[in-house]
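Have a look at the structure below before the remarks.
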Amino acid sequence: MSDLLTLTQEGLYCSQASAHIDPIKPVQRAIITHGHADHARAGHGAVLASRQTLEIMAIRYGENFCGTAQPADYGERLTIGGVSVSLHPAGHVLGSAQVLLEAEGRRTVVSGDYKRQKDPTCAGFELIRCDTFVTEATFGLPVFRHPPAAQEIAKLLSSHDLFPEQTHLVGAYALGKAQRVIGELRAAGYEKTIYLHGALEKLTAYYQSQGIDLGSVEPVAKRGKELQGEIILCPPGQLADRWARRFGDPVTAMASGWMRVRARARQRGAELPLILSDHADWDDLCRTILETGAEQIWVTHGAEEALVHWCELNGRKARPLNMIGYDDGEDADNAATAEV
């Protein structure tokens, strides 16, 4: 057991601070790790989160998404009910945070969703030493080993060079993935205008307002075949939709860690799978657990049993949380694009 956390129907709960972390139902006080729809829900009384996460929630749910909103900077310590609470970069998407709880010499970290790969569009992951570590396990199986992002972007640009007359449609989730794809394309030297489905416009504009240089981006609007030869980003569900037909015979790509699984790529209608994830892969999950020095590991939303077994083999006490209501943070975000 953690000295600071228990598990309730609403999710993880710190009784000393009277606060839930990423609750799945409306609660009086919530600490939110990031803006994806399966972690950040509307209707809470009070919400503590990074400023950027609060602003993302306001974009998605409206200004009155909660009773009161309290922003916290990374590393800022707040005392709530005798517990020191601080947020630290998770490297997942813009504004994403791990939650560090400290009391009576004990430290518990709730990771939220996180990744260790570099990302030009958000702050990099910060390792925090702790006694109890609550980790996600979205890609918690040894088969999931993510290649370097530059390698996957090179595949996209190679296809673009081989088929210069064809539009390249890239399925990318509205929060984090779309902006990262653009950022990685710019890092690879692609300077042309990148076009966006309407569902991606508001959050991409928000990223740009935060000083993230994404170059020239424009809405697709009503344009069609005149965009042949261009790169267009859209929600994954649009790849097989009639919306895509306006571009003639496009090359369809999908950016996700799930593209490691061929059946997932076929399901998405992706001719060009791009293994580009905003979650830690198997190696980084295992490395992070060891580097935190935590004696107790709680594993949530993902391949929990496999990671628990690995922890036990490596001398760590571990338990699966089996919480209902969390997706991979990507499919849930895709479902929420109509709100954007």
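Identifiers in the structure tokens: chain A, B, ... in order shown; residue index from 1 per chain; ligand index from 1 in order shown.
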Shell around segment 15-17 of chain A at 8 Å using only C-alpha atoms, local window under 4 positions removed, as a PyMOL selection string: chain A and resi 4-6+80-83
Sel. of helix (DSSP H, G or I) residues, segment 109-324 of chain A, as a PyMOL selection string: chain A and resi 149-162+177-187+198-209+225-227+236-238+242-247+257-260+262-268+282-292+304-313
Among listed residues A:Pro320, A:Gly257, A:Pro273, A:Gly183, nearest Gly215 of chain A (using only C-alpha atoms): A:Gly183
For segment 295-312 of chain A: contacts at 6 Å, only C-alpha atoms, fewer than 5 positions along chain excluded, given as a PyMOL selection string: chain A and resi 131-138+140+317-321+326
Can those selected residues be exported to a file as a PDB file, in the first residue's frame so that it contains C-alpha atoms?
ATOM      1  CA  ASP A 131       9.071   5.282  -2.877  1.00  0.00           C
ATOM      2  CA  THR A 132       5.920   4.447  -4.839  1.00  0.00           C
ATOM      3  CA  PHE A 133       5.602   4.914  -8.597  1.00  0.00           C
ATOM      4  CA  VAL A 134       2.261   4.747 -10.395  1.00  0.00           C
ATOM      5  CA  THR A 135       3.074   4.040 -14.032  1.00  0.00           C
ATOM      6  CA  GLU A 136       1.012   3.715 -17.160  1.00  0.00           C
ATOM      7  CA  ALA A 137       1.479   0.563 -19.257  1.00  0.00           C
ATOM      8  CA  THR A 138      -0.148   1.448 -22.581  1.00  0.00           C
ATOM      9  CA  GLY A 140       3.614  -2.616 -21.643  1.00  0.00           C
ATOM     10  CA  LYS A 317       6.556  -5.110  -5.300  1.00  0.00           C
ATOM     11  CA  ALA A 318       3.899  -4.429  -7.915  1.00  0.00           C
ATOM     12  CA  ARG A 319       0.146  -4.489  -8.354  1.00  0.00           C
ATOM     13  CA  PRO A 320      -2.213  -3.912 -11.284  1.00  0.00           C
ATOM     14  CA  LEU A 321      -4.863  -1.274 -10.632  1.00  0.00           C
ATOM     15  CA  TYR A 326      -8.794   4.941 -19.339  1.00  0.00           C
TER      16      TYR A 326
END
Shell of 9 Å around Gly198 of chain A, only C-alpha atoms, local chain residues under 6 positions omitted, as a ChimeraX atom specification: /A:219-221,234,340
How about saving the chosen residues, N, CA, C and O atoms kept, as a JSON list (two decimals), in the first residue's frame?
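Printed below is out.json as written:
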[["chain", "number", "residue", "atom", "x", "y", "z"],
["A", 219, "PRO", "N", -5.66, 25.67, -42.90],
["A", 219, "PRO", "CA", -6.79, 24.74, -42.92],
["A", 219, "PRO", "C", -7.05, 24.22, -44.33],
["A", 219, "PRO", "O", -6.84, 24.93, -45.32],
["A", 220, "VAL", "N", -7.49, 22.98, -44.41],
["A", 220, "VAL", "CA", -7.89, 22.44, -45.70],
["A", 220, "VAL", "C", -9.10, 23.19, -46.24],
["A", 220, "VAL", "O", -9.19, 23.47, -47.44],
["A", 221, "ALA", "N", -10.03, 23.52, -45.32],
["A", 221, "ALA", "CA", -11.29, 24.18, -45.70],
["A", 221, "ALA", "C", -12.00, 23.36, -46.76],
["A", 221, "ALA", "O", -12.17, 22.16, -46.61],
["A", 234, "CYS", "N", -5.08, 14.88, -40.43],
["A", 234, "CYS", "CA", -6.50, 14.77, -40.13],
["A", 234, "CYS", "C", -6.70, 13.79, -38.97],
["A", 234, "CYS", "O", -5.79, 13.01, -38.65],
["A", 340, "VAL", "N", -13.42, 19.91, -30.60],
["A", 340, "VAL", "CA", -12.34, 20.88, -30.82],
["A", 340, "VAL", "C", -12.69, 21.85, -31.93],
["A", 340, "VAL", "O", -13.15, 21.44, -32.98]]
Kindly assemble as a Markdown table a list of the segment 230-299 of chain A residues that lie within 7 Å of segment 96-118 of chain A, each paired with its nearest atom pair and their distance in Å to one decimal, using only C-alpha atoms, sorted first by chain and then by ascending residue number.
| residue | atom | partner | partner_atom | distance |
| --- | --- | --- | --- | --- |
| A:Asp278 | CA | A:Lys115 | CA | 5.8 |
| A:His279 | CA | A:Lys115 | CA | 4.6 |
| A:Ala280 | CA | A:Lys115 | CA | 4.2 |
| A:Asp284 | CA | A:Arg116 | CA | 6.6 |
Export, as an mmCIF file, in the first residue's frame, the selected residues with N, CA, C and O atoms.
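After the write, result-v1.cif holds the following:
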data_model
loop_
_atom_site.group_PDB
_atom_site.id
_atom_site.type_symbol
_atom_site.label_atom_id
_atom_site.label_comp_id
_atom_site.auth_asym_id
_atom_site.auth_seq_id
_atom_site.Cartn_x
_atom_site.Cartn_y
_atom_site.Cartn_z
ATOM 1 N N ASP A 278 3.369 8.780 -28.309
ATOM 2 C CA ASP A 278 3.597 9.718 -27.220
ATOM 3 C C ASP A 278 3.585 9.017 -25.863
ATOM 4 O O ASP A 278 3.433 9.658 -24.824
ATOM 5 N N HIS A 279 3.718 7.685 -25.892
ATOM 6 C CA HIS A 279 3.817 6.882 -24.667
ATOM 7 C C HIS A 279 5.175 6.186 -24.633
ATOM 8 O O HIS A 279 5.768 5.896 -25.673
ATOM 9 N N ALA A 280 5.611 5.860 -23.424
ATOM 10 C CA ALA A 280 6.839 5.081 -23.266
ATOM 11 C C ALA A 280 6.645 3.678 -23.827
ATOM 12 O O ALA A 280 5.577 3.081 -23.669
ATOM 13 N N ASP A 284 11.504 1.668 -22.194
ATOM 14 C CA ASP A 284 11.497 2.890 -21.389
ATOM 15 C C ASP A 284 10.629 2.751 -20.145
ATOM 16 O O ASP A 284 10.916 3.372 -19.108
#
Shell of 8 Å around Gly176 of chain A, only C-alpha atoms, local chain residues under 5 positions omitted, as a count of residues only: 5
Polymer residues at most 10 Å from segment 224-231 of chain A, only C-alpha atoms, same-chain spacing of 2 or more positions, as an MDAnalysis selection string: chainID A and resid 156:157 160:161 163:170 182 192:196 220:222 233 243:251
Atomic separation - atom CA of Ile24 of chain A relative to atom CA of Asp38 of chain A, Å: 7.5 Å
Residues near His20 of chain A, anyone? I mean within 7 Å using only C-alpha atoms, not counting same-chain ones fewer than 4 positions away, as a PDB file with all heavy atoms, in the first residue's frame.
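In the end it all went to out_9.pdb:
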ATOM      1  N   GLY A  11     -11.219   6.745  -9.003  1.00  0.00           N
ATOM      2  CA  GLY A  11      -9.825   6.666  -9.414  1.00  0.00           C
ATOM      3  C   GLY A  11      -8.883   6.834  -8.242  1.00  0.00           C
ATOM      4  O   GLY A  11      -9.270   6.626  -7.077  1.00  0.00           O
ATOM      5  N   LEU A  12      -7.643   7.211  -8.506  1.00  0.00           N
ATOM      6  CA  LEU A  12      -6.643   7.392  -7.455  1.00  0.00           C
ATOM      7  C   LEU A  12      -7.015   8.561  -6.548  1.00  0.00           C
ATOM      8  O   LEU A  12      -7.397   9.634  -7.035  1.00  0.00           O
ATOM      9  CB  LEU A  12      -5.270   7.643  -8.083  1.00  0.00           C
ATOM     10  CG  LEU A  12      -4.652   6.448  -8.821  1.00  0.00           C
ATOM     11  CD1 LEU A  12      -3.428   6.891  -9.620  1.00  0.00           C
ATOM     12  CD2 LEU A  12      -4.272   5.328  -7.848  1.00  0.00           C
ATOM     13  N   TYR A  13      -6.859   8.350  -5.230  1.00  0.00           N
ATOM     14  CA  TYR A  13      -7.313   9.366  -4.271  1.00  0.00           C
ATOM     15  C   TYR A  13      -6.283   9.539  -3.172  1.00  0.00           C
ATOM     16  O   TYR A  13      -5.798   8.563  -2.587  1.00  0.00           O
ATOM     17  CB  TYR A  13      -8.644   8.938  -3.654  1.00  0.00           C
ATOM     18  CG  TYR A  13      -9.227   9.910  -2.663  1.00  0.00           C
ATOM     19  CD1 TYR A  13      -9.575  11.207  -3.052  1.00  0.00           C
ATOM     20  CD2 TYR A  13      -9.438   9.535  -1.335  1.00  0.00           C
ATOM     21  CE1 TYR A  13     -10.124  12.101  -2.144  1.00  0.00           C
ATOM     22  CE2 TYR A  13      -9.988  10.432  -0.414  1.00  0.00           C
ATOM     23  CZ  TYR A  13     -10.327  11.711  -0.836  1.00  0.00           C
ATOM     24  OH  TYR A  13     -10.870  12.598   0.060  1.00  0.00           O
ATOM     25  N   CYS A  14      -5.926  10.802  -2.905  1.00  0.00           N
ATOM     26  CA  CYS A  14      -5.064  11.154  -1.789  1.00  0.00           C
ATOM     27  C   CYS A  14      -5.954  11.725  -0.692  1.00  0.00           C
ATOM     28  O   CYS A  14      -6.420  12.872  -0.806  1.00  0.00           O
ATOM     29  CB  CYS A  14      -4.005  12.166  -2.207  1.00  0.00           C
ATOM     30  SG  CYS A  14      -2.927  12.690  -0.847  1.00  0.00           S
ATOM     31  N   ARG A  29     -12.432  17.839  -5.760  1.00  0.00           N
ATOM     32  CA  ARG A  29     -11.100  18.387  -6.036  1.00  0.00           C
ATOM     33  C   ARG A  29     -10.315  17.391  -6.885  1.00  0.00           C
ATOM     34  O   ARG A  29     -10.199  16.222  -6.508  1.00  0.00           O
ATOM     35  CB  ARG A  29     -10.350  18.664  -4.738  1.00  0.00           C
ATOM     36  CG  ARG A  29      -8.930  19.217  -4.947  1.00  0.00           C
ATOM     37  CD  ARG A  29      -8.223  19.419  -3.627  1.00  0.00           C
ATOM     38  NE  ARG A  29      -8.762  20.560  -2.899  1.00  0.00           N
ATOM     39  CZ  ARG A  29      -8.495  20.824  -1.620  1.00  0.00           C
ATOM     40  NH1 ARG A  29      -7.704  20.005  -0.935  1.00  0.00           N
ATOM     41  NH2 ARG A  29      -9.013  21.884  -1.038  1.00  0.00           N
ATOM     42  N   ALA A  30      -9.784  17.861  -8.014  1.00  0.00           N
ATOM     43  CA  ALA A  30      -9.056  16.984  -8.938  1.00  0.00           C
ATOM     44  C   ALA A  30      -7.701  17.593  -9.289  1.00  0.00           C
ATOM     45  O   ALA A  30      -7.575  18.812  -9.453  1.00  0.00           O
ATOM     46  CB  ALA A  30      -9.864  16.766 -10.216  1.00  0.00           C
ATOM     47  N   ILE A  31      -6.722  16.721  -9.401  1.00  0.00           N
ATOM     48  CA  ILE A  31      -5.423  17.085  -9.964  1.00  0.00           C
ATOM     49  C   ILE A  31      -5.331  16.376 -11.312  1.00  0.00           C
ATOM     50  O   ILE A  31      -5.492  15.158 -11.387  1.00  0.00           O
ATOM     51  CB  ILE A  31      -4.266  16.638  -9.048  1.00  0.00           C
ATOM     52  CG1 ILE A  31      -4.422  17.239  -7.656  1.00  0.00           C
ATOM     53  CG2 ILE A  31      -2.920  17.044  -9.657  1.00  0.00           C
ATOM     54  CD1 ILE A  31      -3.444  16.676  -6.632  1.00  0.00           C
TER      55      ILE A  31
END
Which residue of A:Tyr173, A:Trp282, A:Tyr206, A:Tyr190 approaches Ala255 of chain A most closely, using only C-alpha atoms: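 Using only C-alpha atoms, Ala255 of chain A sits closest to A:Tyr173.
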All strand (DSSP E) residues (DSSP, backbone) inside segment 135-237 of chain A, as a PyMOL selection string: chain A and resi 135-137+168-171+194-196+217-219+231-234
Shortest interatomic distance to Ser256 of chain A - which of A:Gln28, A:Ser277, A:Gln52, A:Gln238, counting only C-alpha atoms: A:Ser277
